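Below is protein38.tsv, which holds TSV, C-alpha atoms.
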chain	number	residue	atom	x	y	z
A	1	MET	CA	-28.05	-38.73	3.38
A	2	ASN	CA	-29.10	-41.91	5.19
A	3	SER	CA	-26.77	-44.90	4.81
A	4	ASP	CA	-29.49	-46.86	2.95
A	5	ASP	CA	-30.11	-44.12	0.36
A	6	ASP	CA	-28.74	-44.57	-3.15
A	7	PRO	CA	-26.49	-41.66	-4.27
A	8	ASP	CA	-28.68	-41.21	-7.33
A	9	ASP	CA	-31.75	-40.97	-5.09
A	10	GLU	CA	-30.01	-38.27	-3.04
A	11	LEU	CA	-29.13	-36.34	-6.19
A	12	LEU	CA	-32.65	-36.57	-7.59
A	13	ALA	CA	-34.15	-35.59	-4.22
A	14	ARG	CA	-32.01	-32.47	-3.95
A	15	VAL	CA	-32.69	-31.46	-7.56
A	16	PHE	CA	-36.40	-32.01	-6.86
A	17	LEU	CA	-36.22	-29.84	-3.73
A	18	THR	CA	-34.57	-26.92	-5.58
A	19	ARG	CA	-37.78	-26.76	-7.61
A	20	VAL	CA	-40.01	-26.90	-4.51
A	21	ILE	CA	-38.26	-25.08	-1.63
A	22	GLU	CA	-37.14	-21.47	-1.99
A	23	PRO	CA	-33.43	-20.60	-1.52
A	24	GLY	CA	-32.49	-19.86	2.07
A	25	ASP	CA	-35.66	-21.44	3.54
A	26	GLU	CA	-34.44	-22.43	7.01
A	27	VAL	CA	-37.54	-24.51	7.76
A	28	GLY	CA	-36.93	-26.62	4.65
A	29	GLY	CA	-33.24	-26.78	5.52
A	30	ARG	CA	-34.11	-28.11	8.96
A	31	TRP	CA	-36.33	-30.79	7.43
A	32	VAL	CA	-33.44	-31.92	5.21
A	33	ARG	CA	-31.01	-31.92	8.13
A	34	GLU	CA	-33.33	-33.92	10.42
A	35	LEU	CA	-34.99	-36.29	7.92
A	36	GLY	CA	-32.69	-36.33	4.90
A	37	ALA	CA	-33.37	-35.00	1.42
A	38	VAL	CA	-34.80	-38.30	0.14
A	39	GLU	CA	-37.44	-38.52	2.87
A	40	VAL	CA	-38.43	-34.84	2.61
A	41	ALA	CA	-38.83	-35.24	-1.15
A	42	ARG	CA	-40.94	-38.39	-0.65
A	43	VAL	CA	-43.29	-36.71	1.84
A	44	LEU	CA	-43.75	-33.66	-0.38
A	45	ARG	CA	-44.33	-35.76	-3.49
A	46	GLU	CA	-46.51	-38.53	-2.05
A	47	GLY	CA	-48.25	-36.73	0.80
A	48	GLY	CA	-48.56	-37.87	4.38
A	49	ALA	CA	-48.23	-36.10	7.68
A	50	GLN	CA	-47.59	-32.38	7.29
A	51	LEU	CA	-44.05	-31.47	8.32
A	52	ALA	CA	-43.61	-29.07	11.23
A	53	GLY	CA	-42.96	-25.34	10.96
A	54	VAL	CA	-45.33	-24.24	8.18
A	55	THR	CA	-48.97	-23.20	7.93
A	56	ASP	CA	-51.58	-25.29	6.12
A	57	LYS	CA	-51.59	-22.74	3.28
A	58	ARG	CA	-47.80	-22.89	2.93
A	59	TRP	CA	-47.84	-26.68	3.00
A	60	ALA	CA	-50.45	-26.75	0.25
A	61	GLY	CA	-48.29	-24.46	-1.86
A	62	LEU	CA	-45.23	-26.71	-1.41
A	63	ARG	CA	-47.26	-29.79	-2.29
A	64	ALA	CA	-48.54	-28.08	-5.45
A	65	ARG	CA	-45.00	-27.26	-6.49
A	66	ALA	CA	-43.94	-30.83	-5.75
A	67	GLN	CA	-46.53	-32.23	-8.15
A	68	ALA	CA	-45.05	-30.18	-11.00
A	69	ALA	CA	-41.38	-30.95	-10.27
A	70	GLU	CA	-39.52	-33.23	-12.70
A	71	PRO	CA	-35.93	-33.65	-11.46
A	72	ARG	CA	-34.83	-35.97	-14.28
A	73	TRP	CA	-36.09	-33.44	-16.83
A	74	ASP	CA	-34.23	-30.62	-15.01
A	75	LEU	CA	-31.01	-32.64	-15.03
A	76	GLY	CA	-31.43	-33.32	-18.76
A	77	VAL	CA	-31.98	-29.65	-19.58
A	78	ALA	CA	-28.99	-28.72	-17.44
A	79	ARG	CA	-26.77	-31.31	-19.10
A	80	ASP	CA	-27.69	-30.00	-22.55
A	81	ALA	CA	-26.75	-26.48	-21.41
A	82	GLY	CA	-23.40	-27.62	-20.01
A	83	VAL	CA	-24.60	-27.25	-16.42
A	84	ARG	CA	-23.92	-29.68	-13.55
A	85	PHE	CA	-25.51	-29.99	-10.11
A	86	VAL	CA	-23.18	-29.94	-7.07
A	87	SER	CA	-24.54	-31.20	-3.73
A	88	PRO	CA	-23.24	-30.94	-0.15
A	89	GLY	CA	-20.79	-33.79	0.33
A	90	ASP	CA	-19.64	-33.82	-3.30
A	91	ALA	CA	-15.93	-33.38	-3.96
A	92	GLU	CA	-16.65	-30.02	-5.60
A	93	TRP	CA	-18.84	-28.68	-2.78
A	94	PRO	CA	-17.32	-25.59	-1.05
A	95	GLY	CA	-17.36	-26.48	2.64
A	96	GLN	CA	-17.60	-22.84	3.74
A	97	LEU	CA	-21.22	-22.78	2.57
A	98	ASP	CA	-21.99	-25.12	5.48
A	99	ASP	CA	-21.53	-22.08	7.76
A	100	LEU	CA	-25.01	-21.01	6.64
A	101	GLY	CA	-26.54	-23.79	8.74
A	102	ASP	CA	-30.12	-24.59	7.80
A	103	ALA	CA	-30.01	-21.75	5.24
A	104	ARG	CA	-27.30	-23.65	3.31
A	105	PRO	CA	-28.17	-24.21	-0.36
A	106	LEU	CA	-29.74	-27.58	-1.13
A	107	GLY	CA	-27.25	-27.71	-3.97
A	108	LEU	CA	-25.78	-25.46	-6.64
A	109	TRP	CA	-26.20	-25.47	-10.39
A	110	VAL	CA	-22.77	-24.80	-11.88
A	111	ARG	CA	-21.92	-23.68	-15.41
A	112	GLY	CA	-18.23	-23.62	-16.35
A	113	ARG	CA	-15.25	-25.96	-16.25
A	114	PRO	CA	-13.19	-25.06	-13.13
A	115	SER	CA	-13.74	-26.64	-9.71
A	116	LEU	CA	-15.99	-24.44	-7.59
A	117	ARG	CA	-14.47	-25.75	-4.36
A	118	ILE	CA	-10.91	-24.94	-5.42
A	119	TRP	CA	-11.80	-21.50	-6.76
A	120	ALA	CA	-13.79	-20.57	-3.66
A	121	LEU	CA	-10.80	-21.20	-1.39
A	122	ARG	CA	-9.11	-18.04	-2.65
A	123	SER	CA	-11.97	-15.72	-3.52
A	124	VAL	CA	-13.18	-12.22	-2.69
A	125	ALA	CA	-16.62	-10.70	-3.32
A	126	VAL	CA	-16.77	-7.28	-4.97
A	127	VAL	CA	-20.31	-5.86	-4.87
A	128	GLY	CA	-22.00	-2.47	-5.02
A	129	ALA	CA	-24.58	-0.18	-6.54
A	130	ARG	CA	-26.35	-1.06	-9.79
A	131	ALA	CA	-26.67	2.63	-10.71
A	132	CYS	CA	-23.05	3.31	-9.84
A	133	THR	CA	-21.10	6.44	-10.73
A	134	GLU	CA	-18.12	6.56	-13.07
A	135	TYR	CA	-15.93	6.57	-9.94
A	136	GLY	CA	-17.62	3.42	-8.62
A	137	ALA	CA	-17.21	1.59	-11.91
A	138	HIS	CA	-13.56	2.62	-12.11
A	139	MET	CA	-12.83	1.44	-8.57
A	140	ALA	CA	-14.61	-1.89	-9.16
A	141	VAL	CA	-12.70	-2.56	-12.39
A	142	THR	CA	-9.37	-1.58	-10.83
A	143	LEU	CA	-9.91	-3.60	-7.66
A	144	ALA	CA	-11.04	-6.70	-9.54
A	145	ALA	CA	-8.17	-6.51	-12.03
A	146	GLY	CA	-5.67	-6.12	-9.20
A	147	LEU	CA	-7.13	-9.09	-7.33
A	148	ALA	CA	-7.12	-11.22	-10.46
A	149	GLU	CA	-3.49	-10.33	-11.18
A	150	ARG	CA	-2.62	-11.52	-7.65
A	151	GLY	CA	-4.30	-14.87	-8.24
A	152	TRP	CA	-7.60	-14.17	-6.45
A	153	VAL	CA	-11.03	-15.15	-7.76
A	154	VAL	CA	-13.49	-12.26	-8.00
A	155	VAL	CA	-17.08	-13.18	-7.05
A	156	SER	CA	-20.07	-10.96	-7.75
A	157	GLY	CA	-23.74	-11.08	-8.72
A	158	GLY	CA	-23.67	-10.43	-12.47
A	159	ALA	CA	-25.86	-7.31	-12.14
A	160	TYR	CA	-25.48	-3.93	-13.81
A	161	GLY	CA	-23.16	-1.37	-12.24
A	162	VAL	CA	-20.45	-2.43	-9.81
A	163	ASP	CA	-21.08	-6.17	-10.26
A	164	GLY	CA	-20.60	-6.03	-14.01
A	165	ALA	CA	-17.56	-3.76	-13.67
A	166	ALA	CA	-15.96	-6.20	-11.22
A	167	HIS	CA	-16.50	-9.16	-13.56
A	168	ARG	CA	-15.10	-7.19	-16.51
A	169	GLY	CA	-12.07	-6.09	-14.51
A	170	ALA	CA	-11.19	-9.68	-13.64
A	171	LEU	CA	-11.82	-10.93	-17.18
A	172	GLY	CA	-9.82	-8.08	-18.67
A	173	ALA	CA	-6.85	-9.02	-16.51
A	174	GLY	CA	-7.09	-12.59	-17.74
A	175	GLY	CA	-8.21	-13.70	-14.30
A	176	ALA	CA	-10.89	-15.80	-12.65
A	177	THR	CA	-14.40	-14.65	-11.81
A	178	VAL	CA	-17.63	-16.25	-10.57
A	179	ALA	CA	-21.15	-14.88	-11.12
A	180	VAL	CA	-23.76	-15.94	-8.55
A	181	LEU	CA	-27.21	-15.58	-10.11
A	182	ALA	CA	-30.68	-15.32	-8.57
A	183	CYS	CA	-32.20	-17.36	-11.41
A	184	GLY	CA	-31.49	-20.44	-13.48
A	185	VAL	CA	-27.91	-20.35	-14.75
A	186	ASP	CA	-29.07	-21.30	-18.26
A	187	ARG	CA	-31.07	-18.04	-18.50
A	188	PRO	CA	-28.68	-15.10	-17.89
A	189	TYR	CA	-30.16	-12.15	-16.03
A	190	PRO	CA	-30.16	-9.24	-16.60
A	191	ARG	CA	-30.71	-9.83	-20.31
A	192	GLY	CA	-28.37	-6.96	-21.11
A	193	HIS	CA	-25.54	-8.98	-19.55
A	194	THR	CA	-26.13	-12.12	-21.63
A	195	GLU	CA	-22.84	-11.67	-23.47
A	196	LEU	CA	-20.93	-10.93	-20.24
A	197	ILE	CA	-22.39	-13.92	-18.37
A	198	THR	CA	-21.70	-16.18	-21.35
A	199	ARG	CA	-18.09	-15.01	-21.31
A	200	ILE	CA	-17.88	-15.64	-17.57
A	201	ALA	CA	-19.15	-19.20	-18.11
A	202	GLU	CA	-16.45	-19.74	-20.74
A	203	GLN	CA	-13.59	-18.25	-18.71
A	204	GLY	CA	-14.89	-18.81	-15.16
A	205	LEU	CA	-18.03	-20.03	-13.40
A	206	VAL	CA	-21.71	-19.10	-13.28
A	207	ILE	CA	-23.58	-20.60	-10.32
A	208	GLY	CA	-27.01	-20.43	-8.70
A	209	GLU	CA	-29.47	-22.28	-6.47
A	210	LEU	CA	-32.44	-22.22	-8.80
A	211	PRO	CA	-33.13	-24.94	-11.41
A	212	PRO	CA	-32.96	-24.40	-15.18
A	213	GLY	CA	-35.28	-21.78	-16.55
A	214	ASP	CA	-36.33	-20.38	-13.17
A	215	HIS	CA	-36.75	-16.61	-12.97
A	216	PRO	CA	-35.47	-14.04	-10.44
A	217	THR	CA	-37.65	-12.26	-7.88
A	218	PRO	CA	-36.76	-9.46	-5.43
A	219	SER	CA	-36.55	-11.91	-2.51
A	220	ARG	CA	-34.31	-14.25	-4.51
A	221	PHE	CA	-31.83	-11.43	-5.15
A	222	VAL	CA	-31.62	-10.76	-1.41
A	223	LEU	CA	-31.21	-14.43	-0.51
A	224	ARG	CA	-28.61	-14.92	-3.26
A	225	ASN	CA	-26.37	-12.48	-1.40
A	226	ARG	CA	-25.85	-14.86	1.53
A	227	VAL	CA	-24.20	-17.32	-0.89
A	228	ILE	CA	-21.81	-14.63	-2.15
A	229	ALA	CA	-20.91	-13.76	1.45
A	230	ALA	CA	-20.42	-17.36	2.60
A	231	LEU	CA	-18.52	-18.50	-0.48
A	232	THR	CA	-15.74	-15.91	-0.19
A	233	ARG	CA	-13.08	-14.92	2.34
A	234	GLY	CA	-14.30	-11.34	2.40
A	235	THR	CA	-16.68	-8.85	0.80
A	236	VAL	CA	-15.71	-5.44	-0.60
A	237	VAL	CA	-18.51	-2.92	-1.09
A	238	VAL	CA	-17.95	-0.26	-3.76
A	239	GLU	CA	-20.71	2.37	-3.58
A	240	ALA	CA	-23.95	1.53	-1.81
A	241	ALA	CA	-26.81	3.72	-0.65
A	242	TYR	CA	-28.35	3.27	2.80
A	243	ARG	CA	-30.90	0.80	1.42
A	244	SER	CA	-28.82	-1.48	-0.78
A	245	GLY	CA	-28.61	-5.19	-1.45
A	246	SER	CA	-24.84	-4.85	-1.26
A	247	LEU	CA	-25.14	-3.97	2.41
A	248	VAL	CA	-27.13	-7.19	2.89
A	249	THR	CA	-24.13	-9.07	1.50
A	250	ALA	CA	-21.72	-7.17	3.75
A	251	ARG	CA	-23.78	-7.79	6.88
A	252	ALA	CA	-24.13	-11.46	6.01
A	253	ALA	CA	-20.34	-11.60	5.69
A	254	GLN	CA	-19.99	-10.02	9.13
A	255	ARG	CA	-22.38	-12.53	10.71
A	256	LEU	CA	-20.41	-15.37	9.13
A	257	GLY	CA	-17.10	-14.06	10.45
A	258	ARG	CA	-15.82	-13.08	7.01
A	259	PHE	CA	-13.86	-9.89	6.35
A	260	THR	CA	-15.99	-6.88	5.44
A	261	MET	CA	-14.42	-4.00	3.54
A	262	GLY	CA	-15.57	-0.73	2.00
A	263	VAL	CA	-14.18	1.65	-0.60
A	264	PRO	CA	-14.78	5.23	0.54
A	265	GLY	CA	-16.40	7.76	-1.76
A	266	PRO	CA	-17.12	11.50	-1.66
A	267	ALA	CA	-18.72	12.61	1.59
A	268	THR	CA	-21.46	14.28	-0.44
A	269	SER	CA	-22.38	11.17	-2.46
A	270	GLY	CA	-25.58	9.37	-1.48
A	271	LEU	CA	-24.26	6.29	-3.25
A	272	SER	CA	-21.38	6.12	-0.77
A	273	ALA	CA	-23.51	6.74	2.33
A	274	GLY	CA	-24.09	3.04	2.96
A	275	VAL	CA	-20.38	2.26	2.58
A	276	HIS	CA	-19.48	5.03	5.02
A	277	GLU	CA	-21.99	3.63	7.49
A	278	LEU	CA	-20.23	0.25	7.22
A	279	LEU	CA	-16.86	1.91	7.75
A	280	ARG	CA	-18.09	3.65	10.89
A	281	ALA	CA	-19.01	0.21	12.25
A	282	ASP	CA	-16.76	-2.83	11.79
A	283	ALA	CA	-15.78	-2.70	8.12
A	284	VAL	CA	-12.20	-2.02	7.04
A	285	LEU	CA	-11.39	0.81	4.65
A	286	VAL	CA	-9.62	-0.35	1.48
A	287	THR	CA	-8.52	1.61	-1.57
A	288	ASP	CA	-6.91	-0.99	-3.82
A	289	ALA	CA	-6.29	-4.71	-4.29
A	290	ALA	CA	-3.16	-4.66	-2.15
A	291	ASP	CA	-5.23	-3.49	0.85
A	292	VAL	CA	-7.74	-6.29	0.28
A	293	VAL	CA	-5.11	-9.01	-0.08
A	294	GLU	CA	-3.31	-7.85	3.05
A	295	LEU	CA	-6.54	-8.39	4.99
A	296	VAL	CA	-7.87	-11.62	3.50
A	297	GLY	CA	-4.63	-13.23	2.32
A	298	ASP	CA	-2.20	-15.59	3.96
A	299	MET	CA	0.73	-14.55	6.11
A	300	GLY	CA	3.27	-12.62	4.08
A	301	GLU	CA	0.78	-11.17	1.59
A	302	LEU	CA	1.24	-7.64	2.88
A	303	ALA	CA	0.37	-4.39	1.18
A	304	PRO	CA	3.28	-2.03	0.56
A	305	ASP	CA	3.80	0.76	3.07
A	306	ARG	CA	1.94	3.94	2.15
A	307	ARG	CA	4.56	6.69	2.02
A	308	GLY	CA	5.15	10.12	0.63
A	309	PRO	CA	8.22	10.86	-1.49
A	310	VAL	CA	11.55	9.74	-0.05
A	311	LEU	CA	13.56	12.71	1.23
A	312	PRO	CA	17.38	12.74	1.51
A	313	ARG	CA	17.20	12.78	5.30
A	314	ASP	CA	15.14	9.56	5.19
A	315	LEU	CA	18.26	7.78	3.98
A	316	LEU	CA	20.30	8.77	7.08
A	317	GLU	CA	21.11	6.25	9.80
A	318	PRO	CA	18.66	6.44	12.74
A	319	GLY	CA	21.29	7.94	15.07
A	320	ALA	CA	22.15	10.65	12.58
A	321	ARG	CA	18.43	11.43	12.04
A	322	ARG	CA	17.93	11.83	15.79
A	323	ALA	CA	20.91	14.18	16.03
A	324	LEU	CA	19.64	16.21	13.08
A	325	ALA	CA	16.18	16.44	14.63
A	326	ALA	CA	17.69	17.66	17.94
A	327	LEU	CA	19.24	20.78	16.36
A	328	PRO	CA	17.24	23.99	16.88
A	329	ALA	CA	15.82	25.47	13.69
A	330	ARG	CA	17.04	29.08	14.11
A	331	ARG	CA	20.18	29.04	16.28
A	332	ALA	CA	23.36	27.18	17.07
A	333	ALA	CA	23.48	24.64	19.91
A	334	ALA	CA	26.26	23.03	21.91
A	335	ALA	CA	27.03	19.33	21.56
A	336	ASP	CA	25.75	18.51	25.07
A	337	GLU	CA	22.35	20.11	24.30
A	338	ILE	CA	22.10	18.16	21.05
A	339	ALA	CA	23.06	14.94	22.88
A	340	ARG	CA	20.22	15.45	25.37
A	341	GLY	CA	17.74	16.07	22.56
A	342	ALA	CA	18.92	12.96	20.69
A	343	GLN	CA	18.95	10.90	23.91
A	344	THR	CA	22.54	9.79	23.45
A	345	THR	CA	26.02	10.51	24.85
A	346	GLU	CA	27.89	13.71	24.02
A	347	ASP	CA	30.66	11.74	22.27
A	348	ASP	CA	28.13	9.93	20.09
A	349	ALA	CA	26.37	13.21	19.29
A	350	ILE	CA	29.66	14.80	18.21
A	351	ALA	CA	30.43	11.81	15.95
A	352	ARG	CA	26.98	12.12	14.36
A	353	LEU	CA	27.40	15.87	13.90
A	354	TYR	CA	30.63	15.34	11.98
A	355	GLU	CA	28.84	12.83	9.75
A	356	LEU	CA	26.09	15.38	9.15
A	357	ARG	CA	28.63	18.08	8.38
A	358	ALA	CA	30.25	15.86	5.72
A	359	LEU	CA	26.80	15.44	4.14
A	360	GLY	CA	26.14	19.19	4.20
A	361	TYR	CA	23.44	19.20	6.88
A	362	VAL	CA	25.23	21.10	9.68
A	363	GLU	CA	28.10	23.52	10.13
A	364	ARG	CA	30.27	24.63	13.05
A	365	HIS	CA	29.52	27.99	14.66
A	366	GLY	CA	32.24	28.61	17.26
A	367	ASP	CA	31.67	26.01	19.97
A	368	GLY	CA	28.24	25.14	18.64
A	369	TRP	CA	26.50	23.52	15.67
A	370	LYS	CA	23.87	24.96	13.35
A	371	LEU	CA	21.68	23.68	10.53
A	372	THR	CA	22.73	24.59	7.01
A	373	ARG	CA	20.25	26.02	4.49
A	374	GLN	CA	20.03	22.54	2.83
A	375	ALA	CA	19.01	20.98	6.14
A	376	MET	CA	16.44	23.73	6.81
A	377	ILE	CA	14.72	22.94	3.48
A	378	SER	CA	14.74	19.18	4.22
A	379	VAL	CA	13.20	19.66	7.67
A	380	ARG	CA	10.58	22.08	6.31
A	381	ASP	CA	9.61	19.66	3.49
A	382	GLY	CA	9.25	16.84	5.98
A	383	ARG	CA	6.93	18.87	8.18
A	384	ARG	CA	4.85	19.93	5.19
A	385	GLY	CA	4.34	16.24	4.34
A	386	CYS	CA	2.74	15.71	7.71
Show how you would write the structure in this file as structure tokens.
Amino acid sequence: MNSDDDPDDELLARVFLTRVIEPGDEVGGRWVRELGAVEVARVLREGGAQLAGVTDKRWAGLRARAQAAEPRWDLGVARDAGVRFVSPGDAEWPGQLDDLGDARPLGLWVRGRPSLRIWALRSVAVVGARACTEYGAHMAVTLAAGLAERGWVVVSGGAYGVDGAAHRGALGAGGATVAVLACGVDRPYPRGHTELITRIAEQGLVIGELPPGDHPTPSRFVLRNRVIAALTRGTVVVEAAYRSGSLVTARAAQRLGRFTMGVPGPATSGLSAGVHELLRADAVLVTDAADVVELVGDMGELAPDRRGPVLPRDLLEPGARRALAALPARRAAAADEIARGAQTTEDDAIARLYELRALGYVERHGDGWKLTRQAMISVRDGRRGC
């Protein structure tokens, strides 16, 4: 905004431009960056020299849209629907969206009470196939619920399949979720998710770039995904075929330096093929919310160690475990041989062997030491776990 521009003029200009310029239009974004939203809106509305970077046909189309735009009417409709408009520079604007450069949204229409900026600071995207399997829906619900329980905001696109499952998982856990739509936020899409999106607006946030009443198109769905990627700390993909909008989100996250994660599926599932392709590249394999939080969270938010069952020998002191491991499986051995295997002194090895004998792991055989039957079972179980 230029220093001479009135804040209300800036707001009206940006609302006007959301009706004229398509989401993610980098040429329009460059105009706004170089000239300011107020001047770009004036040129499009009143005419004048054609701005650089578009054909005559494209310019004519933008001018036609401009003649039909009524920003004050849009703001009134939004206000009646409980929707506000958040612009770059506002206190509620999430600064991470600025990473999109000239593809940054001109502004966002926001439905719901919480602060978008605050919620976005600790958010994760969970996206995936619309026609997901029962496994995909289960994983999305479980992941989202686990993230919500850990205080993370779950962001998705409000679509059928994985998106809807992720939103429901977060809501079911009493947590926070944000739906990013490719249409006006006052007109939920898909229609079958009207109840879900209404619930999200009541408990969380519904946001989008398009003005009230505007409809989705295939290109708008694709461009919407860059907002999901930029808004969040990382993106988790749960089921995605090779050609999937979810992969667009994941690759946008990678370009923006966000974390990219994938939940593996059956090797034979075409709906997991795209996820597996991500995992073969730079994505990180995750299986639950703890894995996700360990990657995207702050220092100290670590996932628990993945372990098999604890065996009795796991509770031994390290020196005693080394001595036990140095004993041959089928014969007795002298203390000096055991000491060499345990990489310690003979005196230390003998002390450890007496400890092990008291615990029932070894027994004396003349001048040597031998594993008891109990110890043989413990060693065999440990090897089977490997």
Proximity check region 169-211 of chain A to region 101-108 of chain A, 8 Å, nearest pairs one decimal Å, all atoms listed in the file, as a tab-separated table:
residue	atom	partner	partner_atom	distance
A:Ile207	CA	A:Leu108	CA	6.5
A:Gly208	CA	A:Leu108	CA	5.6
A:Glu209	CA	A:Leu108	CA	4.9
A:Leu210	CA	A:Leu108	CA	7.7
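The space separating CA of Asp163 (chain A) from CA of Arg199 (chain A) comes to 14.5 Å.
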- All residues 12 Å or closer to Gly262 (chain A), all atoms listed in the file, same chain fewer than 3 positions away omitted, as a ChimeraX atom specification: /A:125-128,136,139-140,143,234-240,246-247,249-251,259,265,272-289,291-292
- Item | Counting all atoms listed in the file, the option among A:Arg357, A:Arg63, A:Arg191, A:Arg117 closest to Gln96 (chain A) | A:Arg117
- At a cut-off of 10 Å from (25.2, 12.5, 9.1) in the coordinates of the file, what residues are picked up using only C-alpha atoms, written as a list in words? Arg313, Leu315, Leu316, Glu317, Pro318, Gly319, Ala320, Arg321, Arg322, Ala323, Leu324, Ala351, Arg352, Leu353, Tyr354, Glu355, Leu356, Arg357, Ala358, Leu359, Gly360, Tyr361 and Val362 of chain A
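Separating CA of Ala290 (chain A) from CA of Asp98 (chain A) is a distance of 28.8 Å.
Take the candidates A:Leu11, A:Ala252, A:Ile228, A:Val43 and check each one against Val124 (chain A) using all atoms listed in the file; the shortest distance goes to A:Ile228.
Here CA of Arg58 (chain A) stands at a distance of 20.7 Å from CA of Val222 (chain A).
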- Nearest candidate to Val227 (chain A) (options A:Leu295, A:Leu271, A:Leu100, A:Leu327; using only C-alpha atoms): A:Leu100
- Got a sec: who's within 10 Å of Val155 (chain A), counting only C-alpha atoms, leaving out chain neighbours fewer than 3 positions off, as an MDAnalysis selection string? chainID A and resid 119:120 123:127 144 152 158 163 166:167 170 176:180 205:206 228:229 231:232 235
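Residue nearest Gly146 (chain A) within the list A:Gly172, A:Gly297, A:Pro71, A:Pro264: A:Gly172 [criterion: smallest interatomic distance, all atoms listed in the file].
For the residues A:Asn225, A:Thr194, A:Gln203, A:Ser269, ranking by smallest atom-to-atom distance to Gly174 (chain A) using all atoms listed in the file places A:Gln203 first.
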